[in-house]
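Structure file entry_3.tsv (TSV, C-alpha atoms) follows.
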```
chain	number	residue	atom	x	y	z
A	30	MET	CA	230.84	-103.09	-73.12
A	31	ASN	CA	232.79	-101.09	-70.87
A	32	THR	CA	230.75	-100.01	-67.97
A	33	GLY	CA	232.53	-98.19	-65.18
A	34	LYS	CA	231.45	-96.21	-62.02
A	35	ARG	CA	231.32	-92.40	-62.20
A	36	ASN	CA	233.52	-90.71	-59.71
A	37	ILE	CA	231.89	-87.85	-57.68
A	38	ASP	CA	234.08	-84.94	-56.49
A	39	ILE	CA	232.91	-83.49	-53.20
A	40	PHE	CA	234.83	-80.29	-53.84
A	41	SER	CA	233.01	-79.56	-57.02
A	42	LEU	CA	231.88	-76.05	-57.92
A	43	SER	CA	228.29	-76.73	-56.97
A	44	PHE	CA	229.22	-77.87	-53.50
A	45	LEU	CA	231.45	-74.88	-52.97
A	46	ASP	CA	228.63	-72.60	-54.09
A	47	CYS	CA	226.31	-74.08	-51.52
A	48	ILE	CA	228.87	-73.76	-48.80
A	49	CYS	CA	229.55	-70.14	-49.68
A	50	CYS	CA	225.89	-69.28	-49.77
A	51	GLY	CA	225.40	-70.75	-46.31
A	52	PHE	CA	228.31	-68.83	-44.84
A	53	GLY	CA	227.06	-65.68	-46.53
A	54	ALA	CA	223.64	-66.07	-45.05
A	55	ILE	CA	225.15	-66.55	-41.59
A	56	ILE	CA	227.34	-63.47	-42.00
A	57	LEU	CA	224.34	-61.47	-43.21
A	58	LEU	CA	222.30	-62.47	-40.20
A	59	PHE	CA	225.18	-61.61	-37.90
A	60	VAL	CA	225.58	-58.18	-39.48
A	61	LEU	CA	221.88	-57.46	-39.27
A	62	SER	CA	221.73	-58.45	-35.62
A	63	LYS	CA	224.70	-56.24	-34.73
A	64	PHE	CA	223.15	-53.32	-36.58
A	65	ALA	CA	219.85	-53.42	-34.59
A	66	GLU	CA	221.38	-54.02	-31.09
A	67	PRO	CA	222.68	-50.42	-30.37
A	68	VAL	CA	219.23	-48.90	-30.98
A	69	VAL	CA	217.55	-51.24	-28.49
A	70	ILE	CA	220.30	-50.70	-25.93
A	71	GLU	CA	220.07	-46.92	-26.32
A	72	GLU	CA	216.31	-46.95	-25.75
A	73	LEU	CA	216.69	-49.23	-22.77
A	74	THR	CA	219.39	-46.90	-21.40
A	75	LYS	CA	217.13	-43.85	-21.74
A	76	ASP	CA	214.26	-45.61	-19.98
A	77	LEU	CA	216.48	-46.79	-17.17
A	78	THR	CA	218.05	-43.31	-16.79
A	79	ALA	CA	214.61	-41.68	-16.49
A	80	ARG	CA	213.54	-44.28	-13.95
A	81	VAL	CA	216.69	-43.75	-11.92
A	82	LEU	CA	216.07	-39.99	-11.91
A	83	GLN	CA	212.50	-40.54	-10.72
A	84	LEU	CA	213.67	-42.82	-7.96
A	85	GLU	CA	216.38	-40.36	-6.89
A	86	GLU	CA	213.82	-37.53	-6.80
A	87	ALA	CA	211.45	-39.68	-4.73
A	88	LEU	CA	214.30	-40.61	-2.42
A	89	THR	CA	215.17	-36.92	-1.93
A	90	ILE	CA	211.55	-36.12	-1.07
A	91	MET	CA	211.35	-39.02	1.36
A	92	GLN	CA	214.61	-37.99	3.02
A	93	GLY	CA	213.24	-34.44	3.49
A	94	GLU	CA	210.00	-35.77	5.00
A	95	ALA	CA	212.00	-38.07	7.25
A	96	ARG	CA	214.05	-35.12	8.53
A	97	ILE	CA	210.84	-33.15	9.25
A	98	LEU	CA	209.30	-36.11	11.06
A	99	ASN	CA	212.47	-36.63	13.07
A	100	ARG	CA	212.48	-32.95	14.05
A	101	ASP	CA	208.80	-33.11	15.07
A	102	LEU	CA	209.44	-36.29	17.00
A	103	THR	CA	212.33	-34.69	18.85
A	104	ALA	CA	210.16	-31.68	19.73
A	105	ARG	CA	207.34	-33.91	20.94
A	106	VAL	CA	209.73	-35.93	23.06
A	107	GLU	CA	211.10	-32.75	24.64
A	108	GLN	CA	207.55	-31.45	25.21
A	109	LEU	CA	206.56	-34.77	26.79
A	110	SER	CA	209.55	-34.55	29.11
A	111	GLU	CA	208.60	-31.00	30.13
A	112	GLU	CA	204.98	-32.02	30.76
A	113	LYS	CA	206.09	-34.97	32.86
A	114	ALA	CA	208.32	-32.66	34.91
A	115	ARG	CA	205.45	-30.15	35.29
A	116	LEU	CA	203.09	-32.94	36.31
A	117	ALA	CA	205.58	-34.09	38.92
A	118	ARG	CA	205.80	-30.54	40.30
A	119	LEU	CA	202.00	-30.21	40.40
A	120	GLN	CA	201.69	-33.53	42.17
A	121	GLY	CA	204.20	-32.32	44.74
A	122	ASP	CA	202.27	-29.05	45.18
A	123	LEU	CA	199.03	-31.01	45.50
A	124	SER	CA	200.53	-33.17	48.21
A	125	ASP	CA	201.70	-30.06	50.09
A	126	LEU	CA	198.25	-28.45	49.79
A	127	GLN	CA	196.52	-31.62	50.92
A	128	GLY	CA	198.77	-31.71	53.94
A	129	GLN	CA	198.09	-28.06	54.72
A	130	TYR	CA	194.35	-28.54	54.18
A	131	ALA	CA	194.28	-31.52	56.49
A	132	GLY	CA	196.00	-29.50	59.21
A	133	THR	CA	193.78	-26.45	58.62
A	134	LYS	CA	190.65	-28.57	58.62
A	135	ALA	CA	191.61	-30.12	61.93
A	136	ASP	CA	192.39	-26.69	63.41
A	137	ALA	CA	189.09	-25.30	62.08
A	138	ARG	CA	187.16	-28.21	63.59
A	139	VAL	CA	188.74	-27.62	66.97
A	140	GLN	CA	188.17	-23.88	66.68
A	141	ASN	CA	184.49	-24.38	65.77
A	142	ILE	CA	184.04	-26.66	68.77
A	143	ILE	CA	185.67	-24.10	71.07
A	144	GLU	CA	183.63	-21.23	69.58
A	145	GLY	CA	180.44	-23.23	69.95
A	146	GLN	CA	181.21	-23.99	73.56
A	147	LEU	CA	182.02	-20.36	74.28
A	148	ALA	CA	178.86	-19.17	72.55
A	149	HIS	CA	176.78	-21.70	74.44
A	150	ALA	CA	178.36	-20.69	77.75
A	151	ARG	CA	177.86	-17.03	76.95
A	152	GLN	CA	174.29	-17.13	75.70
A	153	GLU	CA	172.82	-19.78	78.02
A	154	LEU	CA	172.20	-18.31	81.48
A	155	THR	CA	171.00	-20.48	84.32
A	156	ASP	CA	168.20	-19.48	86.64
A	157	GLU	CA	170.73	-18.88	89.40
A	158	MET	CA	172.71	-16.50	87.21
A	159	ARG	CA	169.57	-14.58	86.26
A	160	ARG	CA	168.60	-14.28	89.95
A	161	LEU	CA	172.03	-12.97	90.86
A	162	LEU	CA	172.04	-10.55	87.94
A	163	LYS	CA	168.70	-9.09	89.03
A	164	ARG	CA	170.18	-8.24	92.45
A	165	ALA	CA	173.45	-6.86	91.08
A	166	PRO	CA	173.68	-3.28	89.85
A	167	PRO	CA	173.73	-2.94	86.07
A	168	PRO	CA	177.33	-3.23	84.79
A	169	ARG	CA	178.91	-0.37	83.00
A	170	ASP	CA	179.74	-1.41	79.47
A	171	GLU	CA	182.27	0.81	77.78
A	172	SER	CA	182.37	-1.11	74.49
A	173	SER	CA	181.28	0.56	71.25
A	174	VAL	CA	177.96	-1.33	71.30
A	175	GLY	CA	177.31	-0.15	74.88
A	176	GLY	CA	175.53	-2.69	77.08
A	177	ILE	CA	173.56	-4.48	74.38
A	178	PRO	CA	172.20	-7.88	75.54
A	179	VAL	CA	173.73	-10.81	73.71
A	180	ASP	CA	171.23	-13.58	74.48
A	181	SER	CA	169.76	-13.62	70.95
A	182	GLU	CA	170.24	-16.59	68.66
A	183	TYR	CA	169.36	-14.71	65.46
A	184	ILE	CA	170.39	-11.17	64.48
A	185	ILE	CA	169.17	-8.87	61.71
A	186	PHE	CA	170.97	-5.71	60.60
A	187	ILE	CA	168.76	-2.98	59.14
A	188	ILE	CA	171.07	-0.42	57.51
A	189	ASP	CA	170.27	3.00	56.06
A	190	THR	CA	171.86	2.90	52.57
A	191	SER	CA	171.09	6.51	51.68
A	192	GLY	CA	173.64	8.73	49.97
A	193	SER	CA	174.52	10.57	53.16
A	194	MET	CA	175.40	7.32	54.94
A	195	GLN	CA	177.34	6.04	51.93
A	196	ARG	CA	179.42	9.21	51.62
A	197	TYR	CA	180.05	10.11	55.24
A	198	ALA	CA	179.65	7.05	57.47
A	199	TRP	CA	180.01	3.83	55.51
A	200	ALA	CA	183.45	2.93	56.86
A	201	MET	CA	182.12	3.37	60.39
A	202	VAL	CA	179.03	1.29	59.53
A	203	MET	CA	181.21	-1.63	58.44
A	204	GLN	CA	183.37	-1.32	61.55
A	205	LYS	CA	180.33	-1.34	63.87
A	206	ILE	CA	178.90	-4.38	62.10
A	207	ARG	CA	182.20	-6.21	62.62
A	208	GLU	CA	182.21	-5.22	66.30
A	209	THR	CA	178.61	-6.31	66.77
A	210	LEU	CA	179.31	-9.69	65.17
A	211	GLN	CA	182.25	-10.14	67.52
A	212	VAL	CA	179.86	-9.79	70.45
A	213	TYR	CA	178.02	-12.82	69.02
A	214	PRO	CA	180.74	-15.44	68.39
A	215	LYS	CA	178.17	-17.95	67.14
A	216	VAL	CA	174.52	-17.52	66.19
A	217	LYS	CA	172.01	-19.70	64.36
A	218	GLY	CA	171.21	-17.19	61.65
A	219	ILE	CA	172.07	-13.72	60.30
A	220	GLN	CA	170.26	-11.42	57.90
A	221	ILE	CA	171.23	-8.08	56.29
A	222	MET	CA	168.54	-5.69	55.03
A	223	ASN	CA	168.40	-2.00	54.29
A	224	ASP	CA	165.88	0.45	55.72
A	225	MET	CA	163.52	-0.25	52.78
A	226	GLY	CA	163.49	-4.01	53.46
A	227	SER	CA	165.80	-4.90	50.54
A	228	TYR	CA	168.19	-7.82	51.11
A	229	LEU	CA	171.97	-7.70	50.76
A	230	PHE	CA	171.91	-11.29	49.41
A	231	SER	CA	168.88	-11.83	47.19
A	232	GLN	CA	169.39	-15.61	47.26
A	233	TYR	CA	168.64	-15.53	51.00
A	234	GLN	CA	165.49	-13.43	50.73
A	235	GLY	CA	163.01	-14.49	53.39
A	236	ARG	CA	165.36	-16.99	55.06
A	237	TRP	CA	168.32	-16.96	57.41
A	238	ILE	CA	171.97	-16.80	56.30
A	239	PRO	CA	173.86	-19.65	58.05
A	240	ASP	CA	176.55	-18.34	60.37
A	241	SER	CA	180.20	-19.16	59.67
A	242	PRO	CA	183.49	-17.23	59.50
A	243	ALA	CA	183.35	-17.35	55.70
A	244	ARG	CA	179.78	-15.96	55.67
A	245	ARG	CA	180.78	-13.13	57.96
A	246	ARG	CA	183.69	-12.22	55.69
A	247	ALA	CA	181.34	-12.32	52.69
A	248	ILE	CA	178.92	-9.96	54.47
A	249	ILE	CA	181.61	-7.36	55.16
A	250	PHE	CA	182.98	-7.66	51.60
A	251	SER	CA	179.53	-7.29	50.00
A	252	LEU	CA	178.65	-4.31	52.18
A	253	SER	CA	181.56	-2.35	50.72
A	254	THR	CA	179.79	-2.16	47.34
A	255	TRP	CA	176.11	-2.20	48.41
A	256	ARG	CA	174.17	0.69	46.86
A	257	ALA	CA	170.49	-0.12	47.50
A	258	PHE	CA	167.87	2.66	47.27
A	259	SER	CA	166.85	4.24	50.58
A	260	ASN	CA	164.30	6.83	51.73
A	261	SER	CA	166.18	7.51	55.01
A	262	SER	CA	163.48	5.96	57.18
A	263	PRO	CA	163.94	2.68	59.12
A	264	VAL	CA	160.23	1.95	59.43
A	265	GLU	CA	159.88	-0.27	56.32
A	266	GLY	CA	162.94	-2.33	57.22
A	267	ILE	CA	161.84	-2.91	60.82
A	268	THR	CA	158.29	-3.95	59.90
A	269	THR	CA	159.50	-6.23	57.08
A	270	ALA	CA	162.03	-7.94	59.37
A	271	ILE	CA	159.50	-8.58	62.17
A	272	ASN	CA	156.71	-9.79	59.85
A	273	THR	CA	159.08	-12.08	57.91
A	274	PHE	CA	161.34	-13.59	60.55
A	275	TYR	CA	159.46	-13.61	63.84
A	276	ALA	CA	158.99	-17.07	65.33
A	277	ALA	CA	157.88	-17.94	68.86
A	278	ASP	CA	160.78	-20.36	69.34
A	279	LYS	CA	163.51	-17.94	68.21
A	280	LYS	CA	165.34	-15.19	70.08
A	281	ILE	CA	165.84	-12.40	67.54
A	282	SER	CA	167.54	-9.01	67.78
A	283	LEU	CA	167.30	-6.18	65.25
A	284	TYR	CA	170.18	-3.73	64.87
A	285	VAL	CA	169.10	-0.52	63.14
A	286	PHE	CA	171.93	1.63	61.73
A	287	GLY	CA	170.95	5.06	60.46
A	288	ASP	CA	171.34	8.81	60.54
A	289	GLU	CA	167.92	10.22	59.62
A	290	PHE	CA	164.19	9.72	59.97
A	291	SER	CA	162.47	11.40	57.04
A	292	GLY	CA	158.95	10.88	58.41
A	293	ASN	CA	156.94	13.73	59.85
A	294	ARG	CA	155.51	12.07	62.97
A	295	ILE	CA	157.06	9.64	65.44
A	296	GLN	CA	154.06	8.37	67.41
A	297	PRO	CA	152.35	6.60	64.47
A	298	VAL	CA	155.56	4.68	63.84
A	299	VAL	CA	155.79	3.66	67.51
A	300	ASP	CA	152.17	2.49	67.48
A	301	ALA	CA	152.68	0.51	64.27
A	302	ILE	CA	155.73	-1.28	65.72
A	303	ASP	CA	153.82	-2.00	68.96
A	304	ARG	CA	151.07	-3.71	66.94
A	305	ILE	CA	153.38	-6.15	65.14
A	306	ASN	CA	155.96	-6.56	67.95
A	307	HIS	CA	153.48	-6.88	70.77
A	308	ALA	CA	154.41	-7.99	74.27
A	309	ASP	CA	153.73	-11.45	75.64
A	310	ARG	CA	152.19	-12.27	79.03
A	311	ASN	CA	155.55	-11.69	80.74
A	312	GLY	CA	156.02	-8.30	79.11
A	313	GLY	CA	158.70	-9.50	76.68
A	314	ARG	CA	158.57	-8.47	73.05
A	315	ARG	CA	158.70	-10.78	70.05
A	316	VAL	CA	162.06	-9.31	68.98
A	317	ARG	CA	164.57	-6.93	70.56
A	318	ILE	CA	165.28	-3.67	68.76
A	319	HIS	CA	168.69	-2.02	69.11
A	320	ALA	CA	169.91	1.02	67.21
A	321	VAL	CA	173.13	2.90	66.43
A	322	GLY	CA	172.86	6.54	65.40
A	323	PHE	CA	175.48	8.09	63.10
A	324	PRO	CA	175.99	11.90	63.31
A	325	VAL	CA	176.03	12.37	59.54
A	326	ILE	CA	173.96	15.56	59.52
A	327	MET	CA	176.50	17.23	61.80
A	328	ALA	CA	179.32	15.94	59.59
A	329	LYS	CA	177.68	17.56	56.57
A	330	THR	CA	176.58	20.89	58.04
A	331	ASP	CA	178.48	21.24	61.33
A	332	GLN	CA	175.07	21.74	62.94
A	333	PRO	CA	172.46	19.22	64.13
A	334	GLY	CA	169.56	18.72	61.74
A	335	ASN	CA	165.91	17.93	62.46
A	336	THR	CA	165.96	14.59	60.58
A	337	GLY	CA	168.92	13.40	62.64
A	338	GLN	CA	167.25	14.44	65.87
A	339	ARG	CA	164.02	12.71	64.85
A	340	PHE	CA	165.94	9.48	64.14
A	341	ALA	CA	167.57	9.58	67.58
A	342	THR	CA	164.24	10.30	69.28
A	343	LEU	CA	162.40	7.58	67.40
A	344	MET	CA	165.03	4.92	67.98
A	345	ARG	CA	165.40	5.73	71.70
A	346	ILE	CA	161.67	5.17	72.13
A	347	LEU	CA	161.63	1.98	70.06
A	348	CYS	CA	164.67	0.54	71.83
A	349	GLN	CA	163.23	1.34	75.25
A	350	ARG	CA	159.85	-0.21	74.45
A	351	ASN	CA	161.30	-3.29	72.73
A	352	GLY	CA	164.00	-4.38	75.19
A	353	GLY	CA	166.95	-2.93	73.31
A	354	THR	CA	169.65	-0.26	73.57
A	355	PHE	CA	170.24	2.92	71.58
A	356	VAL	CA	173.85	4.02	70.99
A	357	GLY	CA	174.52	7.50	69.60
A	358	LEU	CA	177.97	7.93	68.08
A	359	ASN	CA	179.82	11.22	68.27
A	360	SER	CA	181.92	10.72	65.13
A	361	THR	CA	181.63	9.11	61.69
A	362	ARG	CA	185.33	8.28	61.53
A	363	PRO	CA	186.50	4.76	62.44
```
Could you rewrite the structure in this file as C-alpha cells?
Amino acid sequence: MNTGKRNIDIFSLSFLDCICCGFGAIILLFVLSKFAEPVVIEELTKDLTARVLQLEEALTIMQGEARILNRDLTARVEQLSEEKARLARLQGDLSDLQGQYAGTKADARVQNIIEGQLAHARQELTDEMRRLLKRAPPPRDESSVGGIPVDSEYIIFIIDTSGSMQRYAWAMVMQKIRETLQVYPKVKGIQIMNDMGSYLFSQYQGRWIPDSPARRRAIIFSLSTWRAFSNSSPVEGITTAINTFYAADKKISLYVFGDEFSGNRIQPVVDAIDRINHADRNGGRRVRIHAVGFPVIMAKTDQPGNTGQRFATLMRILCQRNGGTFVGLNSTRP
C-alpha cells in the first residue's frame, strides 16, 4: 500500500484570497480615515478662527483702556506736580507771613506798653500837680474838644442818630469821635449809644467794650452805617447811661453829640439828671457830662431854630452842673 505525504502549497488560491482580503480591509480603513479627516480639521479651523477673533477684539479693547489709563495717569502726575509746586509756594508765603506777624506782634507789644505808660502818666495826677493846677490860671485849649478833662477811665458816647444829623453832620460826628478818642490814648472801657439809649453793638449791651486799636477802628466803621431810630432828645440816652454804667469805683465821662432838643421844657430834664447823677460829699458828680453841639438847623434853613437853641441851652446847663464842657461847632463840614 502506497502511502505518501500530501504536499501543501502555501501560495494556493485560498491563501492568496485571505491575503487580498486583509490588504483590502486595510486599504478600506485607510480610505475611510482620509475621507473623515478634512471635515474635522475644517471644524477645528473655524473654532480656532473664531477664538482668535475674540482674543484680538479683547486685545484691542484692553489696548484702548490701557491708553486711557496711561493718559489719566499722566494728567494726575502733572496735577500732582502742580499741587506740590503750589504747596511749596504757600509754605514760603506762610513763612513770610509768620515772620511779618512775629515782627508786628513785637512792635504792637512795645507800642501797647508805651501807650499804657503814656495814658497812665496823663491820667494819674499827683497831689502836688493838683495843688499847682489849682493855683495856675486855666489853660487855653484850642483843640476841637476845647478844654475837656481827660481824667476819666471810661467814656460813653451818646449820639443823636436822627435824620438831620445823618444827612448834614454825620461826617463831622465821626471826625469828632476820632478826635475825642485820641485825647484818651487808653481807657478801661468804651460804650456807644444813641440818644434813645440804643447800643451800637448789641452784643455789648449793658457792659463795657474793651479798648484796643482794633475796637476803635470797628467803632468808626460801624458808625458809618448806623441808622438807629431817634426822637432828637438826649434825655433817654443820658439817663440810660448813668443808670446802667455808674459805679462808685469808676471815673466815667459822657459825651453827648446832637443838634436838637425836641422837648418843651428844660428844667424838668435838669432836675431829673440831678436826681440820678447826684453830687457826693465833695461836690463831685457820679459821672461827667460833656456835649458837642452841631449847627444842623442853620445848615438846613440858614437861620437858627428853636430846637437847636434849646439843645445848646440844655447841654450848657447839664455840662456846667455835672463837671463837663459844652462845645458848640460853627460848621457841619469836617
- Task: Can you work out the spacing between atom CA of A:Val316 and atom CA of A:Ser282 in Å, to one decimal?
- Result: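 That distance, rounded to one decimal, is 5.6 Å.
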- Would you mind telling me which residue in A:Pro324, A:Arg80, A:Tyr284, A:Thr336 lies nearest to A:Phe355 when using only C-alpha atoms?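 Checking each candidate against A:Phe355, we get A:Tyr284 as the closest.
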- Item | A:Gly235 environment, 12 Å, only C-alpha atoms, sequence neighbours closer than 4 positions dropped, as a list in words | Ile185, Gly218, Ile219, Gln220, Ile221, Met222, Gly226, Ser227, Tyr228, Leu229, Phe230, Ser231, Thr269, Ala270, Ile271, Asn272, Thr273, Phe274 and Tyr275 of chain A
- Considering all atoms listed in the file, state which residue in the set A:Arg304, A:Arg244, A:Arg236, A:Arg256 is at the smallest distance from A:Thr268. A:Arg304
- Figure out the distance between atom CA of A:Ile187 and atom CA of A:Arg294, please, to one decimal in Å.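 Going from atom CA of A:Arg294 over to atom CA of A:Ile187 covers 20.4 Å.
Atom to atom, atom CA of A:Tyr183 and atom CA of A:Ala276 stand 10.6 Å apart.
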- Task: For A:Ile188, list every protein, DNA or RNA residue within 12 Å, evaluated using only C-alpha atoms, and leave out those in the same chain fewer than 2 positions away; present the list as a ChimeraX atom specification.
- Result: /A:185-186,190-191,194-195,198-199,202-203,205-206,220-229,252,255-267,270,283-289,319-323
Need the axis-aligned box for stretch 238-245 of chain A with 6 Å each side, so what are the centre and edges in Å to one decimal, as JSON?
```
{"center_x": 177.7, "center_y": -16.4, "center_z": 58.0, "size_x": 23.5, "size_y": 18.5, "size_z": 16.7}
```
- Please identify all polymer residues lying at most 6 Å from the point (180.9, 6.9, 64.5) (file coordinates), using all atoms listed in the file, and present the result as a ChimeraX atom specification. /A:201,323,358-362
- Message: Let me make sure I understand: among A:Asn351, A:Thr103, A:Gln232, A:Gln338, which one has the smallest atom-to-atom distance to A:Arg317 if we use all atoms listed in the file?
- Response: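 Of the candidates, the smallest distance to A:Arg317 is held by A:Asn351.
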- Task: Point out the residue among A:Glu107, A:Val299, A:Pro214, A:Ile305 with the least atom-to-atom distance to A:Arg345, counting only C-alpha atoms.
- Result: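 Of A:Glu107, A:Val299, A:Pro214, A:Ile305, the one nearest A:Arg345 is A:Val299, counting only C-alpha atoms.
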